[in-house]
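Participant: Structure file final.txt, compact mmCIF, C-alpha atoms, is pasted below:
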```txt
# COMPACT_ATOMS: atom_id res chain seq x y z
CA MET A 13 -86.92 39.68 -26.27
CA THR A 14 -83.40 38.93 -27.55
CA LEU A 15 -82.39 35.29 -27.09
CA VAL A 16 -78.84 34.19 -27.87
CA THR A 17 -77.42 30.66 -27.91
CA ILE A 18 -73.74 30.59 -26.98
CA GLY A 19 -71.55 29.02 -29.66
CA LYS A 20 -68.12 29.03 -28.01
CA ILE A 21 -65.84 30.81 -25.55
CA ILE A 22 -63.37 33.26 -27.09
CA SER A 23 -60.00 34.55 -25.90
CA SER A 24 -61.57 37.34 -23.84
CA GLY A 25 -63.20 34.63 -21.70
CA GLU A 26 -66.65 35.60 -22.98
CA GLY A 27 -69.14 33.50 -24.84
CA ILE A 28 -70.07 34.49 -28.38
CA GLY A 29 -73.49 34.08 -29.98
CA TRP A 30 -75.72 35.64 -32.64
CA SER A 31 -79.28 36.93 -32.93
CA ASP A 32 -80.85 38.65 -35.96
CA GLY A 33 -77.46 39.06 -37.56
CA VAL A 34 -75.98 40.75 -34.49
CA THR A 35 -72.96 39.32 -32.65
CA TYR A 36 -73.13 39.30 -28.86
CA PHE A 37 -70.35 38.83 -26.31
CA VAL A 38 -71.62 37.41 -23.02
CA PRO A 39 -69.51 36.78 -19.89
CA GLY A 40 -69.92 33.89 -17.47
CA VAL A 41 -71.59 31.44 -19.86
CA ILE A 42 -71.04 27.94 -21.28
CA PRO A 43 -71.35 26.85 -24.92
CA GLY A 44 -74.87 25.60 -25.68
CA GLU A 45 -76.54 27.83 -23.09
CA THR A 46 -79.36 30.17 -24.14
CA VAL A 47 -79.38 33.61 -22.57
CA GLU A 48 -81.78 36.53 -22.71
CA ILE A 49 -80.02 39.84 -23.34
CA LEU A 50 -81.55 42.52 -21.11
CA ALA A 51 -79.06 45.31 -21.84
CA ALA A 52 -76.05 45.56 -24.15
CA ARG A 53 -73.62 48.21 -25.29
CA PRO A 54 -72.05 48.49 -28.74
CA VAL A 55 -68.45 47.37 -29.20
CA ARG A 56 -67.01 47.64 -32.71
CA ARG A 57 -69.53 45.83 -34.94
CA ALA A 58 -70.91 43.75 -32.07
CA ARG A 59 -72.60 44.18 -28.72
CA ARG A 60 -71.43 43.24 -25.25
CA ALA A 61 -74.07 42.06 -22.80
CA ALA A 62 -74.23 44.32 -19.75
CA GLU A 63 -77.28 42.57 -18.29
CA PHE A 64 -78.57 39.12 -19.12
CA ARG A 65 -80.11 36.01 -17.63
CA VAL A 66 -79.44 32.38 -18.43
CA VAL A 67 -82.69 30.92 -19.79
CA GLU A 68 -81.40 27.42 -20.54
CA PRO A 69 -78.35 26.60 -18.38
CA SER A 70 -75.85 23.92 -19.30
CA PRO A 71 -75.96 20.75 -17.19
CA LEU A 72 -72.21 21.31 -16.73
CA ARG A 73 -72.66 24.67 -14.96
CA ARG A 74 -71.57 24.74 -11.31
CA GLU A 75 -72.22 27.22 -8.53
CA PRO A 76 -69.18 29.56 -8.55
CA PRO A 77 -67.30 29.25 -5.23
CA CYS A 78 -67.09 33.04 -4.87
CA PRO A 79 -69.96 35.47 -4.18
CA LEU A 80 -68.32 38.13 -6.33
CA PHE A 81 -68.19 36.09 -9.53
CA GLY A 82 -69.82 38.03 -12.36
CA ARG A 83 -69.05 41.35 -10.71
CA CYS A 84 -65.31 41.05 -10.01
CA GLY A 85 -63.21 41.21 -13.17
CA GLY A 86 -60.63 38.67 -12.03
CA CYS A 87 -62.28 35.36 -12.97
CA ASP A 88 -63.86 34.28 -16.26
CA LEU A 89 -64.39 30.52 -15.90
CA LEU A 90 -65.22 29.99 -12.22
CA HIS A 91 -68.70 28.73 -13.17
CA MET A 92 -67.11 25.82 -15.07
CA PRO A 93 -65.86 22.53 -13.59
CA TYR A 94 -62.10 22.28 -13.94
CA GLU A 95 -62.20 19.69 -16.75
CA LEU A 96 -64.40 22.04 -18.79
CA GLN A 97 -61.98 24.90 -18.09
CA ARG A 98 -59.23 22.70 -19.52
CA GLU A 99 -61.21 21.97 -22.69
CA THR A 100 -62.14 25.64 -23.04
CA LYS A 101 -58.54 26.84 -22.81
CA LEU A 102 -57.33 24.34 -25.38
CA LEU A 103 -60.11 25.43 -27.74
CA ILE A 104 -59.18 29.09 -27.21
CA LEU A 105 -55.57 28.25 -28.11
CA ARG A 106 -56.69 26.42 -31.27
CA ASP A 107 -58.87 29.38 -32.25
CA LEU A 108 -55.95 31.79 -31.85
CA PHE A 109 -53.86 29.71 -34.24
CA GLY A 110 -56.73 29.82 -36.73
CA GLN A 111 -57.28 33.57 -36.36
CA GLN A 112 -53.61 34.27 -37.05
CA LYS A 113 -53.56 31.78 -39.95
CA ALA A 114 -50.81 29.88 -38.17
CA THR A 115 -50.35 26.13 -38.27
CA LEU A 116 -50.96 24.12 -35.11
CA ALA A 117 -48.32 21.55 -36.00
CA VAL A 118 -48.36 19.55 -32.75
CA GLU A 119 -51.10 18.62 -30.30
CA PRO A 120 -50.97 20.81 -27.18
CA ALA A 121 -50.44 19.07 -23.86
CA PHE A 122 -52.10 20.44 -20.72
CA ILE A 123 -50.52 20.51 -17.26
CA PRO A 124 -53.18 21.11 -14.57
CA LEU A 125 -52.41 22.93 -11.33
CA PRO A 126 -54.50 23.34 -8.16
CA GLU A 127 -57.55 25.44 -8.94
CA PHE A 128 -57.80 27.18 -5.56
CA GLY A 129 -55.28 28.83 -3.26
CA LEU A 130 -52.52 28.75 -5.88
CA ARG A 131 -51.63 32.40 -6.53
CA THR A 132 -48.89 33.87 -4.34
CA ARG A 133 -48.64 37.29 -6.02
CA THR A 134 -51.34 39.83 -6.78
CA LYS A 135 -51.97 43.55 -7.18
CA VAL A 136 -54.61 45.14 -4.93
CA ARG A 137 -55.97 48.66 -4.56
CA ILE A 138 -56.86 49.56 -0.98
CA LEU A 139 -59.74 51.96 -0.37
CA ASP A 140 -60.85 52.98 3.14
CA GLY A 141 -58.93 50.07 4.63
CA LEU A 142 -60.52 47.47 2.34
CA PRO A 143 -58.76 45.52 -0.43
CA THR A 144 -60.45 45.88 -3.83
CA PHE A 145 -60.26 44.45 -7.33
CA SER A 146 -61.61 46.01 -10.53
CA ARG A 147 -65.27 45.48 -11.29
CA ARG A 148 -65.82 43.60 -14.56
CA ALA A 149 -65.56 45.87 -17.64
CA SER A 150 -65.33 48.94 -15.41
CA HIS A 151 -62.92 51.26 -13.65
CA GLU A 152 -64.98 50.91 -10.49
CA ARG A 153 -63.56 48.99 -7.56
CA ILE A 154 -65.17 46.11 -5.70
CA PRO A 155 -64.10 45.17 -2.14
CA PHE A 156 -63.33 41.53 -1.37
CA ASP A 157 -62.82 39.62 1.86
CA ARG A 158 -60.96 36.66 0.35
CA CYS A 159 -60.23 35.46 -3.16
CA PRO A 160 -60.43 31.67 -3.62
CA LEU A 161 -57.60 31.75 -6.17
CA ILE A 162 -55.14 33.40 -3.78
CA HIS A 163 -53.13 31.43 -1.21
CA PRO A 164 -55.13 31.38 2.07
CA ALA A 165 -52.29 32.88 4.10
CA LEU A 166 -51.88 35.70 1.58
CA ASN A 167 -55.61 36.45 1.82
CA GLY A 168 -55.15 37.00 5.57
CA ILE A 169 -52.06 39.15 5.04
CA ILE A 170 -53.89 41.36 2.53
CA ARG A 171 -56.86 41.93 4.85
CA ALA A 172 -54.67 42.84 7.81
CA ASP A 173 -52.31 45.02 5.79
CA ALA A 174 -55.18 46.86 4.07
CA ALA A 175 -56.68 47.79 7.43
CA GLU A 176 -53.33 49.34 8.42
CA ARG A 177 -52.57 51.09 5.12
CA LYS A 178 -56.09 52.47 4.52
CA SER A 179 -55.38 53.39 0.88
CA GLY A 180 -53.06 52.88 -2.06
CA GLU A 181 -52.12 50.35 -4.72
CA VAL A 182 -50.03 47.46 -3.39
CA PHE A 183 -48.32 44.55 -5.11
CA TYR A 184 -48.16 41.55 -2.77
CA GLU A 185 -45.72 38.64 -3.07
CA TYR A 186 -45.90 35.74 -0.62
CA ALA A 187 -43.39 32.96 0.11
CA PRO A 188 -45.29 29.95 1.53
CA LEU A 189 -42.24 28.15 2.91
CA SER A 190 -40.79 31.02 4.95
CA GLY A 191 -43.97 33.05 5.47
CA GLY A 192 -42.21 36.16 4.18
CA TRP A 193 -44.15 38.67 2.15
CA SER A 194 -43.60 41.81 0.18
CA PRO A 195 -43.94 44.78 0.54
CA ARG A 196 -43.26 44.21 4.24
CA ASP A 197 -40.00 42.44 3.42
CA PRO A 198 -37.56 43.88 0.86
CA ALA A 199 -37.10 40.36 -0.53
CA VAL A 200 -38.78 36.97 -0.11
CA GLU A 201 -37.46 33.45 -0.61
CA LYS A 202 -39.25 31.23 -3.12
CA ARG A 203 -38.70 27.48 -3.19
CA VAL A 204 -38.79 25.56 -6.49
CA LYS A 205 -37.79 21.89 -6.83
CA GLY A 206 -35.58 22.09 -3.75
CA GLU A 207 -33.85 25.33 -4.80
CA THR A 208 -34.32 28.65 -2.97
CA PHE A 209 -34.57 31.90 -4.93
CA ARG A 210 -34.32 35.44 -3.63
CA VAL A 211 -37.06 37.62 -5.13
CA SER A 212 -36.76 41.32 -4.35
CA ARG A 213 -39.51 43.90 -4.59
CA GLY A 214 -39.92 44.79 -8.26
CA SER A 215 -38.42 41.54 -9.57
CA PHE A 216 -40.49 39.20 -11.71
CA PHE A 217 -41.34 35.68 -10.58
CA GLN A 218 -43.98 33.21 -11.74
CA ALA A 219 -47.51 33.42 -10.33
CA SER A 220 -46.91 30.43 -8.05
CA GLU A 221 -44.11 28.11 -7.01
CA GLU A 222 -46.09 25.16 -8.42
CA GLY A 223 -46.32 26.92 -11.78
CA ALA A 224 -42.60 27.72 -11.71
CA SER A 225 -41.84 24.07 -10.98
CA ALA A 226 -43.94 22.90 -13.94
CA LEU A 227 -42.11 25.29 -16.27
CA VAL A 228 -38.73 24.15 -14.97
CA ASP A 229 -39.80 20.56 -15.74
CA LEU A 230 -40.26 21.63 -19.37
CA LEU A 231 -36.82 23.24 -19.40
CA GLU A 232 -35.20 20.14 -17.93
CA SER A 233 -36.93 17.96 -20.51
CA ALA A 234 -35.47 20.21 -23.23
CA LEU A 235 -32.01 20.01 -21.64
CA ASP A 236 -32.25 16.21 -21.56
CA GLU A 237 -33.31 16.07 -25.19
CA GLU A 238 -30.98 18.68 -26.67
CA ARG A 239 -27.89 18.49 -24.42
CA PRO A 240 -26.87 22.12 -25.10
CA ALA A 241 -23.43 23.32 -24.06
CA THR A 242 -24.58 26.96 -23.93
CA MET A 243 -27.89 28.65 -23.11
CA LEU A 244 -29.14 32.21 -23.47
CA ASP A 245 -31.88 33.13 -20.95
CA LEU A 246 -33.80 36.17 -22.26
CA PHE A 247 -35.95 38.13 -19.79
CA CYS A 248 -34.27 35.96 -17.18
CA GLY A 249 -35.75 37.64 -14.10
CA VAL A 250 -34.23 36.30 -10.89
CA GLY A 251 -32.60 33.39 -12.73
CA LEU A 252 -35.18 30.62 -12.35
CA PHE A 253 -34.29 28.82 -15.59
CA SER A 254 -30.63 29.83 -15.54
CA ARG A 255 -30.03 28.20 -12.17
CA PHE A 256 -31.39 24.80 -13.16
CA ALA A 257 -29.46 24.86 -16.44
CA ALA A 258 -26.24 25.92 -14.72
CA ARG A 259 -26.68 23.09 -12.18
CA ARG A 260 -26.36 20.70 -15.15
CA GLY A 261 -23.11 22.27 -16.34
CA VAL A 262 -24.60 24.41 -19.11
CA ALA A 263 -22.78 27.71 -19.71
CA VAL A 264 -25.57 30.26 -19.16
CA ILE A 265 -25.93 33.94 -20.03
CA GLY A 266 -28.94 35.74 -18.54
CA MET A 267 -30.24 38.97 -20.08
CA GLU A 268 -32.64 41.33 -18.34
CA LEU A 269 -33.21 45.08 -17.85
CA SER A 270 -34.66 45.16 -14.32
CA GLU A 271 -32.12 46.43 -11.78
CA SER A 272 -33.67 44.49 -8.89
CA ALA A 273 -33.73 41.29 -10.95
CA ALA A 274 -30.05 41.82 -11.83
CA GLY A 275 -29.17 41.77 -8.13
CA ASP A 276 -31.35 38.73 -7.52
CA PHE A 277 -29.86 36.87 -10.48
CA THR A 278 -26.35 37.39 -9.11
CA ALA A 279 -27.42 36.32 -5.61
CA ASN A 280 -29.22 33.23 -6.90
CA LEU A 281 -26.57 32.11 -9.39
CA GLY A 282 -23.38 33.26 -7.68
CA GLY A 283 -20.60 32.70 -10.18
CA GLY A 284 -22.55 29.97 -11.95
CA ALA A 285 -23.74 32.14 -14.83
CA ARG A 286 -22.98 35.38 -16.60
CA PHE A 287 -25.47 38.25 -16.48
CA VAL A 288 -25.87 40.98 -19.14
CA ARG A 289 -28.13 43.91 -18.32
CA ALA A 290 -29.91 44.80 -21.56
CA ASP A 291 -33.05 46.48 -22.85
CA LEU A 292 -34.37 43.62 -24.94
CA GLU A 293 -37.01 45.88 -26.46
CA HIS A 294 -34.21 47.56 -28.41
CA ASP A 295 -30.87 45.78 -27.87
CA THR A 296 -30.70 42.93 -30.34
CA GLY A 297 -27.05 41.96 -30.12
CA LEU A 298 -27.31 38.41 -28.78
CA PRO A 299 -24.40 36.22 -27.68
CA ASP A 300 -24.12 32.85 -29.40
CA ALA A 301 -25.85 29.93 -27.70
CA ASP A 302 -27.13 26.45 -28.58
CA LEU A 303 -30.42 26.98 -26.73
CA VAL A 304 -32.38 30.21 -26.32
CA VAL A 305 -34.97 30.42 -23.54
CA ALA A 306 -37.31 33.40 -23.88
CA ASP A 307 -40.02 34.29 -21.36
CA PRO A 308 -41.09 37.79 -22.45
CA PRO A 309 -43.78 39.96 -20.82
CA ARG A 310 -47.40 39.82 -21.97
CA THR A 311 -46.60 41.96 -25.02
CA GLY A 312 -44.45 39.13 -26.39
CA LEU A 313 -41.15 39.25 -28.24
CA PRO A 314 -40.35 42.60 -29.86
CA GLU A 315 -40.17 42.04 -33.61
CA CYS A 316 -36.51 43.04 -33.70
CA LEU A 317 -35.68 40.49 -30.99
CA ALA A 318 -37.58 37.70 -32.75
CA ALA A 319 -35.53 38.53 -35.86
CA ALA A 320 -32.31 38.49 -33.83
CA ILE A 321 -33.12 35.05 -32.42
CA ALA A 322 -33.98 33.81 -35.91
CA SER A 323 -30.70 35.08 -37.33
CA SER A 324 -28.60 33.77 -34.41
CA GLY A 325 -26.80 30.45 -34.41
CA ALA A 326 -29.24 28.86 -31.93
CA GLY A 327 -30.68 25.56 -33.07
CA THR A 328 -33.33 25.32 -30.35
CA VAL A 329 -35.69 27.82 -28.70
CA LEU A 330 -37.86 27.32 -25.63
CA LEU A 331 -40.51 30.05 -25.91
CA LEU A 332 -42.82 30.78 -22.99
CA SER A 333 -45.60 33.31 -22.67
CA CYS A 334 -48.49 34.30 -20.40
CA ASP A 335 -50.39 35.68 -23.41
CA ALA A 336 -51.51 33.10 -25.96
CA ALA A 337 -52.20 35.62 -28.74
CA THR A 338 -48.71 37.14 -28.73
CA PHE A 339 -47.27 33.64 -28.27
CA VAL A 340 -48.90 32.43 -31.52
CA ARG A 341 -47.71 35.57 -33.31
CA ASP A 342 -44.13 35.04 -32.09
CA LEU A 343 -44.16 31.37 -33.09
CA GLU A 344 -45.11 32.40 -36.60
CA ARG A 345 -42.39 35.06 -36.72
CA LEU A 346 -39.76 32.55 -35.65
CA ARG A 347 -41.04 30.02 -38.16
CA ARG A 348 -40.89 32.45 -41.06
CA ALA A 349 -37.61 34.16 -40.18
CA GLY A 350 -35.62 31.27 -38.75
CA ARG A 351 -37.33 28.10 -39.96
CA PHE A 352 -38.13 27.12 -36.36
CA ALA A 353 -40.75 24.38 -36.08
CA PRO A 354 -42.43 23.32 -32.81
CA ARG A 355 -41.50 19.92 -31.40
CA SER A 356 -43.87 20.29 -28.44
CA LEU A 357 -46.57 22.67 -27.23
CA THR A 358 -47.75 22.81 -23.61
CA VAL A 359 -50.32 24.78 -21.65
CA VAL A 360 -49.33 25.13 -17.98
CA ASP A 361 -52.48 26.19 -16.14
CA GLN A 362 -50.94 28.86 -13.91
CA PHE A 363 -54.17 30.87 -13.97
CA PRO A 364 -57.12 28.56 -13.22
CA ALA A 365 -60.65 30.03 -13.45
CA THR A 366 -59.41 32.80 -15.75
CA ARG A 367 -59.06 33.13 -19.52
CA HIS A 368 -55.28 33.48 -19.23
CA LEU A 369 -52.97 30.78 -20.57
CA GLU A 370 -49.33 30.10 -19.82
CA VAL A 371 -47.99 28.48 -22.97
CA ALA A 372 -44.61 26.94 -23.81
CA ALA A 373 -43.18 25.55 -27.03
CA LEU A 374 -39.93 23.81 -27.80
CA LEU A 375 -38.81 24.85 -31.29
CA LYS A 376 -36.13 23.26 -33.46
CA ARG A 377 -34.53 24.89 -36.46
CA GLU A 378 -35.24 22.95 -39.64
CA THR A 379 -32.25 22.27 -41.87
```
Could you take the file, read its structure, and then write that structure out as structure tokens?

Facilitator:
Amino acid sequence: MTLVTIGKIISSGEGIGWSDGVTYFVPGVIPGETVEILAARPVRRARRAAEFRVVEPSPLRREPPCPLFGRCGGCDLLHMPYELQRETKLLILRDLFGQQKATLAVEPAFIPLPEFGLRTRTKVRILDGLPTFSRRASHERIPFDRCPLIHPALNGIIRADAAERKSGEVFYEYAPLSGGWSPRDPAVEKRVKGETFRVSRGSFFQASEEGASALVDLLESALDEERPATMLDLFCGVGLFSRFAARRGVAVIGMELSESAAGDFTANLGGGARFVRADLEHDTGLPDADLVVADPPRTGLPECLAAAIASSGAGTVLLLSCDAATFVRDLERLRRAGRFAPRSLTVVDQFPATRHLEVAALLKRET
């Protein structure tokens, strides 16, 4: 019998523990719990538990409010009370700084968001008229009736639409205020802090309007503190950050490759900002600006773009990311190349019950 006591939760959302010199990764556990490994498969120099039972559960463990937890690959922390999820995510972030030998120079703040019914965008594969998600650690699909993390109205839309479509992969986007949804509608209207944004099919927007609002609060705090005359909005999407900066009289340039986002940016900003369509994976010629806002995809800032920001005249950078590992890497690149040091570090919990972190840092160039 192989018994493993869980030491901590790592960035994959799994617990890690050791037995007889072997490292085990175990999903759906809490630090301090003892589990019996019933089946495991090798992964690098460790083993990942495929079957296990919790022998000594934590007193903090709760009954997951979803019957598919443990089988569906979407959630990692649904068995934890929300406060424990918060502590776990902050520890994961600290660990990532340690793994990359980077300095955690400021204490991270944490902005909580509603745990359930928050998500207004999701990708679903429809099989035989049923919506499905990926089974954990598998290419298999698992049907679901409703996901507790998804907005209740969007759950209903997905079920009804799946029955009509019968099959195929569909990306859904829902606008709670208007009730519009994609792909039925070519564009939906999102509402953030009193401002309406057109979001066309294929354009990027944050996972929820509440999450977008929290990120805009961070931008506005930076604008209040730094008073920039000019701002460069990299990976600007539909112009979420650009619009709020332009409303304050900042001269804004948005840069983005997506054709649909380019149209949305123009519709949402009118003549209030300049747009430059650019492939930021390769184009590194950046206009001058006092403040650079960068919200790259999960892969983070391309190295050439991080170098371009570092060598630009910008004195302040607001860096955002939905991947904590690439975020820490990019912070370190900006520190080394441009002497940028973090003034603040914030986790915005856009993805409750999962291992994913939305992280933001305000960086100032040291003189």

Participant: Once you count only C-alpha atoms, which residues end up no further than 6 Å from (-39.9, 21.4, -32.1) in the file's frame, shown as a ChimeraX atom specification?

Facilitator: /A:353-356,374-376

Participant: What separation in Å, quoted to one decimal, exists between atom CA of A:Leu298 and atom CA of A:Ala336?

Facilitator: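 Computing it gives 24.9 Å between the two atoms.
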
Participant: Taking only C-alpha atoms into account, name the residue in A:Arg351, A:Arg289, A:Arg137, A:Arg210 that is nearest to A:Gly192.

Facilitator: A:Arg210

Participant: At what distance in Å, to one decimal, does atom CA of A:Lys202 lie from atom CA of A:Phe183?

Facilitator: 16.2 Å

Participant: Enter the distance from atom CA of A:Asp107 to atom CA of A:Phe363, in Å, rounded to one decimal.

Facilitator: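 One can read the atom CA of A:Asp107 to atom CA of A:Phe363 distance as 18.9 Å.
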
Participant: Counting all atoms listed in the file, which of A:Leu50, A:Gly297, A:Ala322, A:Ser150 gets nearest to A:Met13?

Facilitator: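 Checking each candidate against A:Met13, we get A:Leu50 as the closest.
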
Participant: Counting only C-alpha atoms, which residue out of A:Thr379, A:Thr14, A:Ser254, A:Thr208 sits closest to A:Ala61?

Facilitator: A:Thr14

Participant: Pick from A:Phe209, A:Trp193, A:Phe128, A:Tyr184: nearest to A:Cys159, with all atoms listed in the file counted?

Facilitator: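 With all atoms listed in the file as the atom set, the closest residue is A:Phe128.
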
Participant: What's around A:Val136 at 7 Å? Count only C-alpha atoms, leave out sequence neighbours fewer than 5 positions away in its own chain, and write the answer as a PyMOL selection string.

Facilitator: chain A and resi 143-145+181-183

Participant: Write out as a list in words each polymer residue whose atoms come within 12 Å of A:Glu68, counting only C-alpha atoms; drop sequence neighbours fewer than 5 positions from it.

Facilitator: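 My reading of the contact set: Leu15, Val16, Thr17, Ile18, Val41, Ile42, Pro43, Gly44, Glu45, Thr46, Val47, Glu48 and Arg73 of chain A.
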
Participant: Complete the atom set of stretch 147-168 of chain A to N, CA and C atoms and return it as an mmCIF file, keeping the file's coordinate frame.

Facilitator:
```cif
data_model
loop_
_atom_site.group_PDB
_atom_site.id
_atom_site.type_symbol
_atom_site.label_atom_id
_atom_site.label_comp_id
_atom_site.auth_asym_id
_atom_site.auth_seq_id
_atom_site.Cartn_x
_atom_site.Cartn_y
_atom_site.Cartn_z
ATOM 1 N N ARG A 147 -63.996 46.055 -10.875
ATOM 2 C CA ARG A 147 -65.270 45.480 -11.290
ATOM 3 C C ARG A 147 -65.173 45.117 -12.769
ATOM 4 N N ARG A 148 -65.874 44.063 -13.180
ATOM 5 C CA ARG A 148 -65.820 43.600 -14.560
ATOM 6 C C ARG A 148 -66.177 44.725 -15.537
ATOM 7 N N ALA A 149 -65.332 44.898 -16.563
ATOM 8 C CA ALA A 149 -65.560 45.870 -17.640
ATOM 9 C C ALA A 149 -65.817 47.263 -17.097
ATOM 10 N N SER A 150 -65.079 47.646 -16.049
ATOM 11 C CA SER A 150 -65.330 48.940 -15.410
ATOM 12 C C SER A 150 -64.060 49.397 -14.706
ATOM 13 N N HIS A 151 -63.996 50.715 -14.460
ATOM 14 C CA HIS A 151 -62.920 51.260 -13.650
ATOM 15 C C HIS A 151 -63.317 51.304 -12.176
ATOM 16 N N GLU A 152 -64.535 50.940 -11.875
ATOM 17 C CA GLU A 152 -64.980 50.910 -10.490
ATOM 18 C C GLU A 152 -64.240 49.825 -9.729
ATOM 19 N N ARG A 153 -64.224 49.958 -8.417
ATOM 20 C CA ARG A 153 -63.560 48.990 -7.560
ATOM 21 C C ARG A 153 -64.591 48.212 -6.750
ATOM 22 N N ILE A 154 -64.276 46.958 -6.460
ATOM 23 C CA ILE A 154 -65.170 46.110 -5.700
ATOM 24 C C ILE A 154 -64.396 45.485 -4.545
ATOM 25 N N PRO A 155 -64.819 45.739 -3.289
ATOM 26 C CA PRO A 155 -64.100 45.170 -2.140
ATOM 27 C C PRO A 155 -64.257 43.656 -2.079
ATOM 28 N N PHE A 156 -63.240 42.984 -1.559
ATOM 29 C CA PHE A 156 -63.330 41.530 -1.370
ATOM 30 C C PHE A 156 -62.768 41.171 -0.005
ATOM 31 N N ASP A 157 -63.303 40.110 0.570
ATOM 32 C CA ASP A 157 -62.820 39.620 1.860
ATOM 33 C C ASP A 157 -61.718 38.587 1.645
ATOM 34 N N ARG A 158 -61.959 37.660 0.719
ATOM 35 C CA ARG A 158 -60.960 36.660 0.350
ATOM 36 C C ARG A 158 -61.200 36.253 -1.097
ATOM 37 N N CYS A 159 -60.135 35.949 -1.785
ATOM 38 C CA CYS A 159 -60.230 35.460 -3.160
ATOM 39 C C CYS A 159 -59.873 33.978 -3.144
ATOM 40 N N PRO A 160 -60.714 33.102 -3.678
ATOM 41 C CA PRO A 160 -60.430 31.670 -3.620
ATOM 42 C C PRO A 160 -59.204 31.245 -4.427
ATOM 43 N N LEU A 161 -58.762 32.106 -5.359
ATOM 44 C CA LEU A 161 -57.600 31.750 -6.170
ATOM 45 C C LEU A 161 -56.287 32.077 -5.468
ATOM 46 N N ILE A 162 -56.337 32.947 -4.472
ATOM 47 C CA ILE A 162 -55.140 33.400 -3.780
ATOM 48 C C ILE A 162 -54.839 32.475 -2.598
ATOM 49 N N HIS A 163 -53.563 32.265 -2.336
ATOM 50 C CA HIS A 163 -53.130 31.430 -1.210
ATOM 51 C C HIS A 163 -53.839 31.897 0.071
ATOM 52 N N PRO A 164 -54.378 30.976 0.871
ATOM 53 C CA PRO A 164 -55.130 31.380 2.070
ATOM 54 C C PRO A 164 -54.358 32.303 3.004
ATOM 55 N N ALA A 165 -53.074 32.031 3.214
ATOM 56 C CA ALA A 165 -52.290 32.880 4.100
ATOM 57 C C ALA A 165 -52.139 34.290 3.527
ATOM 58 N N LEU A 166 -51.995 34.393 2.199
ATOM 59 C CA LEU A 166 -51.880 35.700 1.580
ATOM 60 C C LEU A 166 -53.185 36.468 1.691
ATOM 61 N N ASN A 167 -54.325 35.786 1.603
ATOM 62 C CA ASN A 167 -55.610 36.450 1.820
ATOM 63 C C ASN A 167 -55.636 37.143 3.185
ATOM 64 N N GLY A 168 -55.176 36.427 4.220
ATOM 65 C CA GLY A 168 -55.150 37.000 5.570
ATOM 66 C C GLY A 168 -54.201 38.175 5.671
#
```
